[in-house]
Structure formats: C-alpha cells, structure tokens
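Okay, structure first, notes after.
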Protein chains: 4
Amino acid sequence: MKNTFGQNTTVTIFGESHGHAIGAVIDGLIPGLKVDHDFISYQLSRRRPSLQTDTARSEPDNFKIISGIFNGKTTGTPLCIIIPNENVRSEDYNYGIARPSHADYTAHVKYNGFEDYRGGGHFSGRITAAIVAVGGIIIPALKEMGITVGTHILKCGGVCDRDFLDIKSDIDKLSVSSFPVLEQKCGEEMCEKIIIAKKQLDSIGGITETAVYGIPAGYGEPMFDSVESILSHAIFSIGGIKGVEFGLGFGFADKSGSAANDPMRYENGNFVTTTNNNGGINGGITNGMPIIFRCAVKPTPSIAKEQQTIDFIKKENADISVRGRHDPAIIRRICPVIDSITAITVFDILQSKSDLNFYK
Amino acid sequence: MKNTFGQNTTVTIFGESHGHAIGAVIDGLIPGLKVDHDFISYQLSRRRPSLQTDTARSEPDNFKIISGIFNGKTTGTPLCIIIPNENVRSEDYNYGIARPSHADYTAHVKYNGFEDYRGGGHFSGRITAAIVAVGGIIIPALKEMGITVGTHILKCGGVCDRDFLDIKSDIDKLSVSSFPVLEQKCGEEMCEKIIIAKKQLDSIGGITETAVYGIPAGYGEPMFDSVESILSHAIFSIGGIKGVEFGLGFGFADKSGSAANDPMRYENGNFVTTTNNNGGINGGITNGMPIIFRCAVKPTPSIAKEQQTIDFIKKENADISVRGRHDPAIIRRICPVIDSITAITVFDILQSKSDLNFYK
Amino acid sequence: MKNTFGQNTTVTIFGESHGHAIGAVIDGLIPGLKVDHDFISYQLSRRRPSLQTDTARSEPDNFKIISGIFNGKTTGTPLCIIIPNENVRSEDYNYGIARPSHADYTAHVKYNGFEDYRGGGHFSGRITAAIVAVGGIIIPALKEMGITVGTHILKCGGVCDRDFLDIKSDIDKLSVSSFPVLEQKCGEEMCEKIIIAKKQLDSIGGITETAVYGIPAGYGEPMFDSVESILSHAIFSIGGIKGVEFGLGFGFADKSGSAANDPMRYENGNFVTTTNNNGGINGGITNGMPIIFRCAVKPTPSIAKEQQTIDFIKKENADISVRGRHDPAIIRRICPVIDSITAITVFDILQSKSDLNFYK
Amino acid sequence: MKNTFGQNTTVTIFGESHGHAIGAVIDGLIPGLKVDHDFISYQLSRRRPSLQTDTARSEPDNFKIISGIFNGKTTGTPLCIIIPNENVRSEDYNYGIARPSHADYTAHVKYNGFEDYRGGGHFSGRITAAIVAVGGIIIPALKEMGITVGTHILKCGGVCDRDFLDIKSDIDKLSVSSFPVLEQKCGEEMCEKIIIAKKQLDSIGGITETAVYGIPAGYGEPMFDSVESILSHAIFSIGGIKGVEFGLGFGFADKSGSAANDPMRYENGNFVTTTNNNGGINGGITNGMPIIFRCAVKPTPSIAKEQQTIDFIKKENADISVRGRHDPAIIRRICPVIDSITAITVFDILQSKSDLNFYK
C-alpha cells in the first residue's frame, strides 16, 4: 500500500520537501469528531525547528483542511489536510552526488532517475509534518476514550532520561513539554551534547521511549496483525528509525523466564501485571497494561563533515560536505511524530474489534 | 488482514496446537516453481524438537500439498499445504489459569471465551511449522534469483556468537547447520546454558541475527512499505520476538553521524558501501548491500517454576507451575522460522516492482 | 487479492477440479458462532448435481473442518474447511485444444503453461462448492441477526418465474426448494427446456434474481466500497456470470426520473419506500429496504456439439466436441452459490460499521 | 478501502460538492510518465456541463497538481491533484427533506447526522471530476502501450446508437466527440429527448457501452480478482450506475451455448475469436479481444416535479420539488467518467502481472 496505512481508518501521505505542499488524506474517520485547529497547530509547533539544536529551515505549517469537515467536526468522509511548503530555498542541487546513509541513491535506482531529489523529495523528514497533522486530529479522539500517548528521549549523546514511573502523569507532562524528557536536567545535558555535535559539523542519534496509557485488553490479532507487527510497521515508516523493541525488548536476552515473566494479579478487582516486561502485549494482543516501546534513532545522515560518496550520474567516486539546513539531531522533533503515528495506529486497532456487537 | 500477509504473494496461516491440522495457503505464487518435498521436509526438521535442549513433543510434520501443484511445479493458483497434528496429548487443561507472559488471558478477552485454549491453540509456536513449510517453497525460488537468507543465534545465555563475516558463505554454512551458530564452540556453550536453565525449571531467551544476501538495490517503498516496515511486520508475527533492529540498530544511539554513515564507493564498477551500518536499507529501500537485522527473543514463558498468576474464570489470584512439554529455549528452533518469514517477505517485495516493464 | 475476499471476514479459496481437494479458509469470523454440519451438508446438496438436468459427475462433498472450531463453535481464528475430490475420472485430456468460451486458453497464457488443466483446474465450477460450504457457516449467523438471502431462477429457456412478492416468505420457500423457483410450474417448464438442450448436445443460460431481507439502513460506503461495488465484485467471481443489475437495473434506461424514483414514506413509524426500484441501495449505502439484484448466467460453454477452436500448443485451428460430464444448464446449481457469496459479502459489510461504538 | 481503489496503482478520492475542493491522490504511478495538463483540462471539459442538456452549475475545474510531479513527469511518489470548488451557491438547504433515490437519507443514517449535506456532499456527481482528472494522467500512459478506451451512449430516451464496429477507429472518434455517440444523428435525437424531459421537470436515464482496445491476453485473476469483478467494482462506484454487463451480458439468457460460444481461430498467426460474446474475458482473464461492457444509468434523481418523501429530522412525511441546478440526464457527462475509471482499472490490472520477470 506504499503511502497508505491502516485497515479501518486509513491515512495516505503525499508531498515532497520542495514541492507545492505536503499533506494527508484520512479515510474512515468516525463522524462527529471535533477538529481542533489550535491543537493541530500546537502539535505541529512541537515538531517544528525552533531551538538552537534544530535546522534553520522553519516552515510556518499553515495547514488547511479542504474536505471531510463540516461545522467543525469530521463528516466521516475523507478528510484532506494540506500543508504548503513556504520556506523553500531554490538553491542548486548537485544531482548525482549521493548523501551517505540517505535515500538519494536508492530513490534514484527505484524511480529510474525521475525522483524529485530537491531536499530529499518524498524522503525528506518534512513529510512527517503531515503525520503530525493527522495525529492532531486523532490524539483528541483517543483522549475522549481515555487513551493517551507520550514519547520521551530516553537517551541522547550518552545522557539518559529516567524511565516512565507514573505513566499517566508522565504522559501529561510530556504533552506540554518543549523538550520531551521526564527529567528537565537530562534534557539540558542532551541539548549541550547536540550543540557540541553541531559545532563539530557532525550529528548524533538516540533512543526514544513511548507509552500508550488506557488501552483495554483484547485488542490486536494473532499472527500478522499482532500489535507489535502493526505498530512497528507504522513506526519504521519514519525515516531514521532503525530499531523497535517492546517491553524489555533486547533486554530479554539476558533474562531467565522466571525473571522476565510478568506476574499476574487481581488488584481491587482489576487485572494487572506487577511488572510490565511484555510492554502491555501478550501473543500480539493487548493485556490492559500500558503499551511500552523504544525506538532507535540514527544520527542525521546529513552532516557538514567531509565524507566519501559516489556520483551516481557520472558513476565515479566523490567527496561530499552536506550544505543546506539540517538538524544535528532529529530526536527531539521525532517525538511528536512517534506520538502521532502511534495514535493513528492505536485508533485503527481499536476499530478492528467490530464483531462483538452482534451478540449484544 | 489478521492471518494473511503479503501484497503479491500472500500467505494465509491457519490451525491450532491441538486441532486436526495446521497449514497455509499461498496465493500469487509464480507458476512453474519446482516444489521440492525433500527440502520442505528438511526445513521442517530444522525447526523440529530433536535435541536435549528442546521440548519432548515431537511432531512428524507429515505435510501434504492439496492444491496449487501440478507435475511437481506450482501452478500459480493457491497452494494449500496441510500439516496434521499427530502427537497431541489429550491431557486435561485447567482453563482459566493463565500462564504468565503467554496469550491465555488476552486470547480469552479477545475471543470472549470461545478460543481453543488447548496447548495455546492458535497462539502456539506449533503454528510456525506452517511458516517453515511455506519457506520451504519460497527459499528455493529466491535461490534461483541468487538470493539467500540465513539466521544465527548471536547471543544466548550470555554466550555470543561471532558476527557475520563473509555473508554468502556464512549463510551457506548455516543452511546445513544443526545448531545455527557461526562458531561451533559458541553453540556448545549455549546448549550448556540451556540445559542448566532446564534443570532449574526455568528458560532463557537470546538474540538472533539474520542476513539476506543478493537482493538488488531499488526494492521497497518510501513511508509505510519501507523494507524495515514490511520485514518487522512479518517478524513480529512470530510469538516471542519482542525487538527488531536493522544494521547498527540501537547501537546508532551511541554513534555520531560521521561514524555511523556508510561511506559509498564504486569498486570494480559496482556500487558498495564500505561499512553496512544501515543494514542494506536507506530511506526504506534496498541499496544492494546485504540486509542485516537482529531479533530479541524472550525466554519461553512456559516454565515449571512456580509463578503468580490469575484464574480468569474464577476471577481470583492463583499460582502456576506449567506442566506439559516445553522448550527451555526456543531460540534454536526460531531460526528457520525467521529464515522462512524473511524469505516470504523478500519474495513479496521483489514482486512489487512491476512498473518498469512498461518502458523497456 | 486474487483468491481472497473481504475486509473484516476474509475468505480464501483454493483447489482444482481434479486435485486432492478444494477448500476455503475463513478469517475474522466472530467467535462463538454455532457451526451446523448438517446445514453445511444440506447447502452442499443444493449445489450438487442430482437431477436429470445436471452433469453425471457427482461428488459426495465429504467436507472436514480442520481448524478454527472448538466445542462446535467458531473460535475466531482461521477456520479451514476441506472438501476432497473423490469422483475424479482419470481420463486423458487433450491439452492444447481450447474449449471455446472457457478459460483453457486464457489460463494457459496467464500461467505460462503450468496450469492444472484437468477438468478446468482452478477455473472449474467445482470450486464453487467451497463457497457454498463457507455460506453454510455464514448464512446461519446472518439469520441470527434477522437477515436472510434467497435466489430464484427468474428466466431460463425463455420461461419466466414470477417476481418476488412477499420477500421474507419467498426466501423461506426458496431455502427448502429442490428447484429454486417461486412458481413450481415454471420450474417444470424450465427443466423441460434444459433437457431439450441436453438432447441437442447444447446448453442454455438464464437470469437469477436474489433478495437480501432484513439488512438495516446505513451500511456500505460511498465511492469504491459501495454495496453495489462490493456485491458485484463478489458475484462476478463466479464463473459464468456476465451481468449484474440492482433494482430496475437496465430497466432504468427506459424510465423517467419521476417514474423511477422510489417515493419515501414513514409507515407506522418505520421508514419505507413504496417502490424498490433502487434495490435497497442509495448512494452505495443500504436504505433498509431489501437488496434486490439479478445476474445474467451464460450457457455452459462445454457442449457436445462440434465447434471451431484452436490448439494453442500446435498453434493451429481445430474442431472440438466437448466430452466428459457437463451440465446442460448450471443455473439451478448456481443459485446456492449466489446465496452463499451474497451472505459472505453482506456479513462483511455489516462488520465494517465499527465506529459508532465509540460514542455510545 | 472505502475511498481508495487499486492494488498497484491506488487512487484515493476526497471532497464534497460545496467544500473547499475535491481531489485525488494517485500512488504507485510509474515514474517518468509525462503529465499533459492540456489533456487533463480537455478531459475535464468533456465532463463539464456545457450543453443545453446539462445543469447550470459550471465549475472551471482549475486543477492543480501539488505533489508527485517533477519536470513535467511523474516521480513515482504520490501525486495529489486538487480541483477547487469555485461555483458554489450559498443557498439554504432544507436539511432533513430527503431527495428520493438520492443518498440524503442513507448518508444521514450512516454518518449519524454529521455528513456535509450541502449539494449532496461527498455523494455528489461533482466528485467524479476527480476521477476524470486521474484518468487524464492514466489514459495517455495506456496509449503509450497501445491501449485505448472509449464509451458511447448506446441508448437514451428510447434512441439507440449503433454498436461498435471498427473498435479502434470508433474509440478514436469518440475521444474527440462533443456528444459521445457513434452516429451523429442519434446524438441529436437523444438531445431532443433530454430537452423534452427537462421541460417536463423530469429526467431520463440510459445505457452506455465501453470498449477497451489493445489489452493483451493473460491479464486478470481467477475468482475474486476476475477482470469482471475488478471492473464492475470500480464502475459501480460511480453514482447512478445500477447495472453492468460484459459481452452479451443479459442477452446470454436467450442463447444456446452453440450460439453464444465464441469460435476461436488463428488468423495470420494471431489468435482471435470470430465473435466477441464474452467481451474479451474468459474465466475472469483477458483473451486478447477487446473488452466490451455496458452500464445502466438511472435517471437523475433530482427533478423539479413534486414527489413524496420524508423529513428525517422531523420524522414525518413530506413533499419535495428539487430546486437547484441539476442535469435532466447525466449520461453524456458520465461517459468520460466511465472512460477514466476503466483506464485506471485496466492500468492497475496490467501491473499485477509482475511474476514472469523472474524467468526471463
């Protein structure tokens, strides 16, 4: 399905970094959802470059919803949201000189040389603004159902944030944070590391951690539509993410079953597990505990330092120092993108359990 | 799509641990592929319990192909392969006592109490035999195109195997190995650790590493059908896998861009990268280098040690010591499953590039 | 999706006329549906050749459900049903001599000569037994919701049955009829016409009419998932059907809007239309009136009369008199197939309206 | 998939009659296709109201392509095309008074009262402009492969056009015709009938006939993706179409097999059938002859004559005379829509045959 995702609520993404606009079409939305333009704007601002740690290109993200909305609410028919590209530098691009670890070369092979290569084209991080805009519509809908999503930077530049503790309030805190960490001080240290990388004409990566609070037990499917399958599918669509782990994830490798298994209990009549090593998912299906996962984010490939590369037009070796406006670390800006794609996915998973209406 | 996967070649899986049979339907297969029953049997034997480190339940896996084959070759119409369950113990199950970290409770909630709970039902690792059988048909087809897949145990019980070196020959070696490691000695040490866990009525997990050799550049899609998205979607459908990382994966968190980016070169007229930190994928699209990924495998949840759990029928707390026949570690047996699901996915990705025929 | 259909409840069909077995996998079934083996058998008997008007090949249709069922009820995981081919004549086939208006030639081109050509292979009407078996599971589930489906032969051999009058009781009558007409006498005349065709070594076609009773208003989608789109998609998958029309269908061409529009009324507080020219569907969405559609069924292409054809192996012209066991008219046997595929489709459409749960 | 169609090249449609804009996203397009803005404009003009027989609302259809195009050619990434709604009358609508045979009531039920009801909203014929715009991109791509599509009005107001004779040149003729008939004189008579209906405050329907020339044998799938299934699915998404028949269609009911079967021949080394009663499709797969199908188009439901209806807000009976700007017959304007949706579908079917590359 390439640029479309979802089974019940489907999201289609379009646009290129230096084209007219980027945007998204959302189909299958529940009719009657309130669309809060201010919240969408706020979410876009969370992703927008604004700090010293970010790229100098800043788009105003003046989005416009051109269908699927009536009297401020969703109609249930396809909602199209457009975000114009306004701050596009018409600089010259050296087409053929591939930026290492970027999609320049692979896009060239895939699209036979017809790709819009300017600023990374359809592969630019710019496209994620469309996902955040969609998230701006879905996140409030989830909230009405008591479900919240939050992502913090767990690690960046060797600095580690604390783990989630009280997930509900931690998520609330993150939703209004300008730099998404749970310990303010860690965030300041991370920023310092990012600025150092920038001065060194280099970049750094990191690890994010996401929690979904309030999702009931019994959602998801066995086999190919396990919650892990669907969530990882969605998350790996974000450029720069190279690893996804649920619960203990790779930490399971060093555990025995007796240490890793989550003891199950009834507490005040409610089902809980006393640990959450499985990250809220058993056999691909939610167990009612928060969903927890972490993402590995690679360092921004575009760096000013000189690197070895190729010219795929001249078919010869070349050197490159990437100019233009780039982030020394995308990890802050990727957090609202992960929140959004997670919300979109969870919303879709919730809709899949239609069958039980029949036996009421 | 629940139990169906793939866009061009689609695989549908069915069956329960203690039902009549498990099996799969493969649709969209290229007509004229040779079906090698001996190879399918061999692959199934690689997954079958056989060592001291495995469960005592051993199924003969007497599979039968009941459609889609004619004169020993695929017809192109749906191929249905059935594997009867023959070694089923008609023991009593205590329905209601959930095994911690297993799907017993979540399946109960999802299916409203109608699930076949015997032996884990549809959530049993038994189902993966169907995936391996399908792999037994797809792997030779890939081989004809020069593409091979291999998985080794990178880590188990604290013991680490060596990394891939000469990927092509390492894969060949793994394809005939009885215990899939690259260093024989590491495998022996891992087995010792597994046997120790077994004696302690416990279990252990580990990490696998997979390589796909020979896949050309330009396959995959941007956004939602990135190679990472599709592969992780498929791989997370295997029970017990809780993390997937490509190339450096979570290791990217501690690297600078200048250290992490893969330098690009032409060598003897061929494109290469001198490192492969991106695991053969840039912007979601293959770059022609081998695809490399690792999976986190959790310890088998079924252990004989006593654990805290619930009785979801009586709605009260309970204790459990899981009896029955279980693996103290599934990591050896999961390797051919990962090989198979990877082969199925790669085969499907290759078929998606239909468009360029028009302009030749 | 080739041999898979449905969005929520998906059906995958497999098998060839002279292979081991045909069958189906149903995924996404509501858990807890009673599976009535006797009813499935009865439905299969309605499709089975039994009258003088039918082919001499008669399969016992000894089906077996090998997964997805537990204690006589659906589990919600994939249900696989197998129907062995038992009455297969191992006669010689002249591969290369195409039967006119059959799939012999097109299958040869599509599958590059690897198709199982025996008895029409995957293109044989035999495959429809799998659809009827699936219908045998779905039809009772619909009935629990107050929805029934019935098909009668509206026209065959120039003889016309009466139209539906009291749809609910007409459907009930058809569900136990041995020859599905509303006027017994018409059926007798049709049979005579079929037997005449048989004696002339020829075949005849006809028109069927189907009603779905009890489906509420508000189901279906605009645009590409209109009820007409989904139903026609499903119905045209049955070999031999070459036309589908809803409500007045082609009769609309000769009507003015004022005569064709269905007047809308409240009667005793319930919404009705006083005519049903739109066949229960407006804008692709059910309006609460019965769904009505008709199918054009072409004469069986396999006839004993000599016809001009080609030998696509020798690449030369040829003559053919189709031997073997064939129906002079498939119209009686196609009725339970249409009932079944309609039930499957309606069941799936009903499941698509999941969204409104959120706001209750 | 609701408002998305296609497996390889997918089209997503959005917009409402009186919203900001309508439009489409095309994904999976072959990179490097020339996009001819003049041709898109020309196709839109063929659908635009312009004759005395059409509605008075005329949109300029000033479309804009905002992504997926670079240097005048497709990039292969999603192409989004927007058509603003400029000629919208801000008249008052009587929400609740359902127009008979229109989607007003069914949309109300489906969307719980949140639908944009102005001018039919998402159910308006206005939306078909987006399909025509997409066709404006796909039709030239098919032409490069030697495939052309044409639709004529076969019947309207009791007047019949002649059948297709020389299909290739008939299609060429239709592609530049202002009123799509094969006999000019028939068109004039049809126009008279339409104008009479208009004067009578009424409307009329008709039958269209479409031919696809140049499609090779071997495309399509058995069962659920038969060419008839896929084409009818697409075509029934156009509002007002209530019947689709291929080849002889409902005419098969009155034929014997010996008269209906298409004799097969080699002529000058090429395969042909001497008749084309099957409309170019056998067993769901193209046989190399032109695809021929007919559509039943119902009379425009919106008429000025008084009709019985309901007020679904007040829940009482009502009368209605539909004011506003409506077509007394949509059959002329529907022809380029059918051409476009047919081209889109055929293009997608052609891309599905990816598999045979492996064995070259």
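By order of appearance in the structure tokens: chains A, B, ..., then residues from 1 within every chain, and ligands from 1 in the order shown.
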
Counting only C-alpha atoms, a student should be able to say which residues of chain C come within 12 Å of chain A; what is the right answer, written as number ranges by chain?
C: 6-9, 27-33, 76-78, 141-146, 220-223, 225, 347-360

Tell me, which residues of stretch 170-242 of chain A carry DSSP strand (DSSP E or B), written as a VMD selection string?
chain A and resid 204 206 to 213 220 241 to 242

Written selection (C-alpha atoms) as a PDB file, in the first residue's frame:
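Saved the output as again.pdb:
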```
ATOM      1  CA  ILE A 204      24.041  12.380  16.958  1.00  0.00           C
ATOM      2  CA  GLY A 206      19.450   8.437  20.371  1.00  0.00           C
ATOM      3  CA  ILE A 207      16.670   6.308  21.786  1.00  0.00           C
ATOM      4  CA  THR A 208      13.071   7.288  22.391  1.00  0.00           C
ATOM      5  CA  GLU A 209      10.558   5.597  24.667  1.00  0.00           C
ATOM      6  CA  THR A 210       6.814   5.685  24.132  1.00  0.00           C
ATOM      7  CA  ALA A 211       3.904   4.772  26.386  1.00  0.00           C
ATOM      8  CA  VAL A 212       0.263   4.258  25.476  1.00  0.00           C
ATOM      9  CA  TYR A 213      -1.957   4.572  28.523  1.00  0.00           C
ATOM     10  CA  GLY A 220      -4.924  -6.758  18.218  1.00  0.00           C
ATOM     11  CA  ILE A 241      14.311   4.801  12.934  1.00  0.00           C
ATOM     12  CA  LYS A 242      16.354   1.620  12.789  1.00  0.00           C
TER      13      LYS A 242
END
```

Leaving out B:Gly218 and any residue of its chain fewer than 3 positions from it, which residues lie within 12 Å of it when counting only C-alpha atoms, given as an NGL selection string?
(:A and (103-113)) or (:B and (215 or 221-222 or 226-227 or 280-289 or 349-350 or 352-353 or 356))

With C-alpha atoms kept, could you save the residues just selected as a tab-separated table (two decimals), in the first residue's frame?
```
chain	number	residue	atom	x	y	z
A	103	ALA	CA	17.87	7.81	0.22
A	104	ASP	CA	19.44	9.76	-2.65
A	105	TYR	CA	20.96	6.72	-4.31
A	106	THR	CA	18.20	4.21	-3.54
A	107	ALA	CA	15.48	6.62	-4.73
A	108	HIS	CA	17.45	7.13	-7.92
A	109	VAL	CA	17.55	3.39	-8.57
A	110	LYS	CA	13.93	2.83	-7.60
A	111	TYR	CA	12.44	5.69	-9.58
A	112	ASN	CA	14.75	5.43	-12.56
A	113	GLY	CA	16.00	8.98	-12.21
B	215	ILE	CA	18.98	-8.56	-3.06
B	221	GLU	CA	8.85	1.72	-0.81
B	222	PRO	CA	9.00	5.03	1.00
B	226	SER	CA	9.64	0.59	3.80
B	227	VAL	CA	11.63	-2.64	3.85
B	280	GLY	CA	21.35	-2.65	3.39
B	281	ILE	CA	18.41	-0.23	3.57
B	282	ASN	CA	18.33	3.55	3.00
B	283	GLY	CA	15.11	5.51	3.11
B	284	GLY	CA	13.23	2.22	3.33
B	285	ILE	CA	14.69	0.97	0.04
B	286	THR	CA	17.38	-1.64	-0.54
B	287	ASN	CA	20.78	-0.29	-1.50
B	288	GLY	CA	22.23	-3.53	-2.83
B	289	MET	CA	24.24	-4.41	0.28
B	349	ILE	CA	8.94	-7.18	-2.00
B	350	LEU	CA	10.70	-8.28	-5.19
B	352	SER	CA	6.22	-5.22	-6.12
B	353	LYS	CA	8.47	-3.61	-8.70
B	356	LEU	CA	9.36	-0.70	-15.11
```

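Near A:Ile13, within 10 Å and counting only C-alpha atoms, sit Lys2, Asn3, Thr4, Phe5, Ile22, Gly23, Ala24, Val25, Ile26, Cys80, Ile81, His122, Ile127, Thr128, Ala130, Ile131 and Val134 of chain A; Met223 and Phe224 of chain B; Val25, Asp27, Thr77, Pro78, Leu79 and Cys80 of chain D, not including residues fewer than 4 positions from it in the same chain.
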
Sel. of alpha helix (DSSP H) residues, stretch 84-258 of chain D, as an NGL selection string:
:D and (104-110 or 128-144 or 167-175 or 184-199 or 227-235 or 257-258)

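Residues with any atom within 9 Å of B:Ile195, counting only C-alpha atoms and excluding same-chain neighbours fewer than 3 positions away, are B:Gln52, B:Thr53, B:Met190, B:Cys191, B:Glu192, B:Lys198, B:Lys199, B:Gln200, B:Pro328.
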
Writing out the chosen residues with N, CA and C atoms as an mmCIF file, in the first residue's frame:
```
data_model
loop_
_atom_site.group_PDB
_atom_site.id
_atom_site.type_symbol
_atom_site.label_atom_id
_atom_site.label_comp_id
_atom_site.auth_asym_id
_atom_site.auth_seq_id
_atom_site.Cartn_x
_atom_site.Cartn_y
_atom_site.Cartn_z
ATOM 1 N N GLN B 52 18.379 -32.320 23.142
ATOM 2 C CA GLN B 52 18.121 -32.348 24.580
ATOM 3 C C GLN B 52 17.609 -30.982 25.054
ATOM 4 N N THR B 53 17.926 -29.950 24.280
ATOM 5 C CA THR B 53 17.529 -28.590 24.649
ATOM 6 C C THR B 53 16.086 -28.269 24.265
ATOM 7 N N MET B 190 26.274 -22.461 24.422
ATOM 8 C CA MET B 190 24.861 -22.056 24.533
ATOM 9 C C MET B 190 24.008 -23.243 24.984
ATOM 10 N N CYS B 191 24.248 -24.408 24.381
ATOM 11 C CA CYS B 191 23.471 -25.600 24.751
ATOM 12 C C CYS B 191 23.619 -25.890 26.239
ATOM 13 N N GLU B 192 24.825 -25.758 26.731
ATOM 14 C CA GLU B 192 25.038 -25.994 28.165
ATOM 15 C C GLU B 192 24.179 -25.042 29.004
ATOM 16 N N LYS B 198 17.023 -25.504 31.990
ATOM 17 C CA LYS B 198 16.023 -26.572 32.049
ATOM 18 C C LYS B 198 16.032 -27.244 33.425
ATOM 19 N N LYS B 199 17.243 -27.535 33.880
ATOM 20 C CA LYS B 199 17.368 -28.189 35.194
ATOM 21 C C LYS B 199 16.811 -27.294 36.293
ATOM 22 N N GLN B 200 16.934 -25.986 36.082
ATOM 23 C CA GLN B 200 16.418 -25.040 37.085
ATOM 24 C C GLN B 200 14.923 -24.770 36.898
ATOM 25 N N PRO B 328 13.048 -25.195 26.981
ATOM 26 C CA PRO B 328 13.702 -24.236 27.879
ATOM 27 C C PRO B 328 14.242 -23.025 27.108
#
```
